[in-house]
Amino acid sequence: METTNQRRALQDAMVFLGAIASGTEQAIGESANNISYLAGVNLGKKLSDGVARTDDIQQALDSTREVLEKNDYLWLFEPFKTHDQESVVQESEEGTQVMLVFRDCMIRQSLFRFGHIQKGSLCNMMYGFFAGALQNIMGRESSLEIVHAGENACYKKLTVRRAP
Amino acid sequence: MSLEINVHEQSCRGCELCIDICPTKVFELDEDKRLCVVKHAEDCIACLSCAYICPSNAISHTDYHAVKNFYRDAEFCQRMGKFL
Ligand code: SF4
Ligand code: SF4
């Protein structure tokens with residue numbers, strides 16, 4: 001029963017947030033992305049406060065996932081590699097990269113409920129969340145690019161920049 | 001759980017929409033038959049975009065994680081009416 005109520009509360013809050021984000025995008029355009037990005041950064045920093053620091057990206061991702069699970073956020077992800085990749089973690093000029101698959105996502109699920117489009121400001125909040133959490137856990141800048149926003153899962157590229 | 005993808009040969013019209021939309025390059029075009037074929041099912045992330053976009057409804061997946069979409073709560077929607 002508790003779970004049903006929690007899920008109901010989450011849905012109501014997310015649908016509300018989805019509506020606000022959609023309205024804000026219409027009213028102020030691009031800046032809506034910055035606002036939700038910053039909200040995500042703050043959330044990521046707050047929730048990951050006290051998490052052990054590491055330089056290992058896989059361990060940092062495990063900790064980020066744990067933080068989300070512990071706080072009952074329906075925002076779970078898993079690292080993914082295609083058949084032609086040797087390893088989940090790839091080094092590139094921009095930094096260390098990992099592809100992530102997001103399956104159950106409270107943002108996508110709330111956007112679809114009322115027909116709002118994906119890749120908008122709420123999706124940017126997720127980018128911010130990772131940036132904030134990884135800043136705390138790894139002490140590094142990162143970006144989370146939406147490679148594909150699908151109906152049942154999204155595919156994103158996480159890049160953690162090298163330490164300056 | 002081992003995901004499987006099936007393209008119904010008789011339905012496929014070779015439009016390549018699934019090839020274009022797939023983020024992990026699961027499909028390939030069989031040039032002779034002018035049909036799309038599954039080349040790397042193991043790379044599928046089950047986003048289901050190919051199944052949604054296929055104009056012939058030719059693509060089906062089995063054994064994948066289906067997300068639980070949020071339900072529509074009539075009472076809540078009424079209250080939300082002013083925002084939407
Ligand atoms: S989208 Fe459908 S009809 Fe078009 S190539 Fe793919 S399977 Fe065939
Ligand atoms: S479900 Fe997504 S990843 Fe899988 S084959 Fe279709 S488009 Fe590609």
# chains A, B, ... in the order shown; residues from 1 in each chain; ligands from 1
>>> residues_near_ligand(ligand="ligand 1", cutoff="12 Å", atoms="only C-alpha atoms and all ligand atoms", output="JSON, numbers by chain")
{"B": [5, 6, 7, 8, 9, 10, 11, 12, 13, 14, 15, 16, 17, 18, 19, 20, 21, 22, 26, 27, 28, 29, 30, 31, 33, 34, 35, 36, 37, 38, 48, 49, 50, 51, 52, 53, 54, 55, 56, 57, 58, 59, 60]}
>>> interface_residues(of="chain B", to="chain A", cutoff="6 Å", atoms="only C-alpha atoms", output="ChimeraX atom specification")
/B:43,47-49,67,69-70
>>> residues_around(residues="Lys70 (chain A)", least_positions_apart="6", cutoff="12 Å", atoms="only C-alpha atoms", output="CSV table (one decimal) with all heavy atoms, in the first residue's frame")
chain,number,residue,atom,x,y,z
A,47,LEU,N,22.1,15.2,-3.1
A,47,LEU,CA,21.9,13.7,-2.8
A,47,LEU,C,23.2,12.9,-2.7
A,47,LEU,O,23.2,11.9,-2.0
A,47,LEU,CB,21.0,13.1,-3.9
A,47,LEU,CG,19.6,13.6,-3.9
A,47,LEU,CD1,18.7,12.8,-4.9
A,47,LEU,CD2,18.9,13.7,-2.6
A,48,SER,N,24.3,13.4,-3.4
A,48,SER,CA,25.5,12.6,-3.3
A,48,SER,C,26.4,13.2,-2.2
A,48,SER,O,27.6,12.7,-2.1
A,48,SER,CB,26.2,12.7,-4.7
A,48,SER,OG,26.5,14.0,-5.0
A,63,SER,N,27.8,4.3,-7.4
A,63,SER,CA,27.4,5.1,-6.2
A,63,SER,C,26.2,6.0,-6.6
A,63,SER,O,25.3,6.3,-5.9
A,63,SER,CB,28.5,6.0,-5.8
A,63,SER,OG,29.6,5.2,-5.4
A,64,THR,N,26.2,6.6,-7.9
A,64,THR,CA,25.2,7.4,-8.3
A,64,THR,C,23.9,6.7,-8.4
A,64,THR,O,22.8,7.2,-8.0
A,64,THR,CB,25.5,8.0,-9.7
A,64,THR,OG1,26.8,8.6,-9.7
A,64,THR,CG2,24.5,9.0,-10.2
A,76,LEU,N,16.5,5.0,-13.1
A,76,LEU,CA,17.6,4.0,-13.1
A,76,LEU,C,18.2,3.9,-14.5
A,76,LEU,O,17.6,4.0,-15.5
A,76,LEU,CB,17.1,2.7,-12.5
A,76,LEU,CG,16.6,2.9,-11.1
A,76,LEU,CD1,16.1,1.6,-10.5
A,76,LEU,CD2,17.6,3.6,-10.2
>>> residues_around(residues="Asn136 (chain A)", least_positions_apart="5", cutoff="9 Å", atoms="only C-alpha atoms", output="ChimeraX atom specification")
/A:44-45,48-53,131
>>> write_last_selection(atoms="N, CA and C atoms", output="short mmCIF file (atom, residue, chain, number, x, y, z; two decimals), in the first residue's frame")
data_model
loop_
_atom_site.label_atom_id
_atom_site.label_comp_id
_atom_site.auth_asym_id
_atom_site.auth_seq_id
_atom_site.Cartn_x
_atom_site.Cartn_y
_atom_site.Cartn_z
N GLY A 44 21.77 16.79 -7.64
CA GLY A 44 22.85 15.80 -7.71
C GLY A 44 23.87 16.02 -6.60
N LYS A 45 24.20 17.28 -6.35
CA LYS A 45 25.19 17.58 -5.30
C LYS A 45 24.62 17.25 -3.93
N SER A 48 24.25 13.41 -3.35
CA SER A 48 25.50 12.64 -3.30
C SER A 48 26.44 13.15 -2.21
N ASP A 49 25.95 14.05 -1.41
CA ASP A 49 26.77 14.61 -0.34
C ASP A 49 27.19 13.47 0.60
N GLY A 50 28.45 13.35 0.88
CA GLY A 50 28.90 12.31 1.81
C GLY A 50 29.26 10.99 1.13
N VAL A 51 28.98 10.87 -0.18
CA VAL A 51 29.35 9.64 -0.89
C VAL A 51 30.87 9.60 -1.05
N ALA A 52 31.47 8.41 -0.86
CA ALA A 52 32.94 8.30 -0.93
C ALA A 52 33.45 8.74 -2.29
N ARG A 53 34.54 9.48 -2.31
CA ARG A 53 35.13 9.95 -3.58
C ARG A 53 35.89 8.83 -4.25
N ALA A 131 25.93 15.80 -13.60
CA ALA A 131 27.03 16.75 -13.47
C ALA A 131 27.29 17.06 -12.00
#
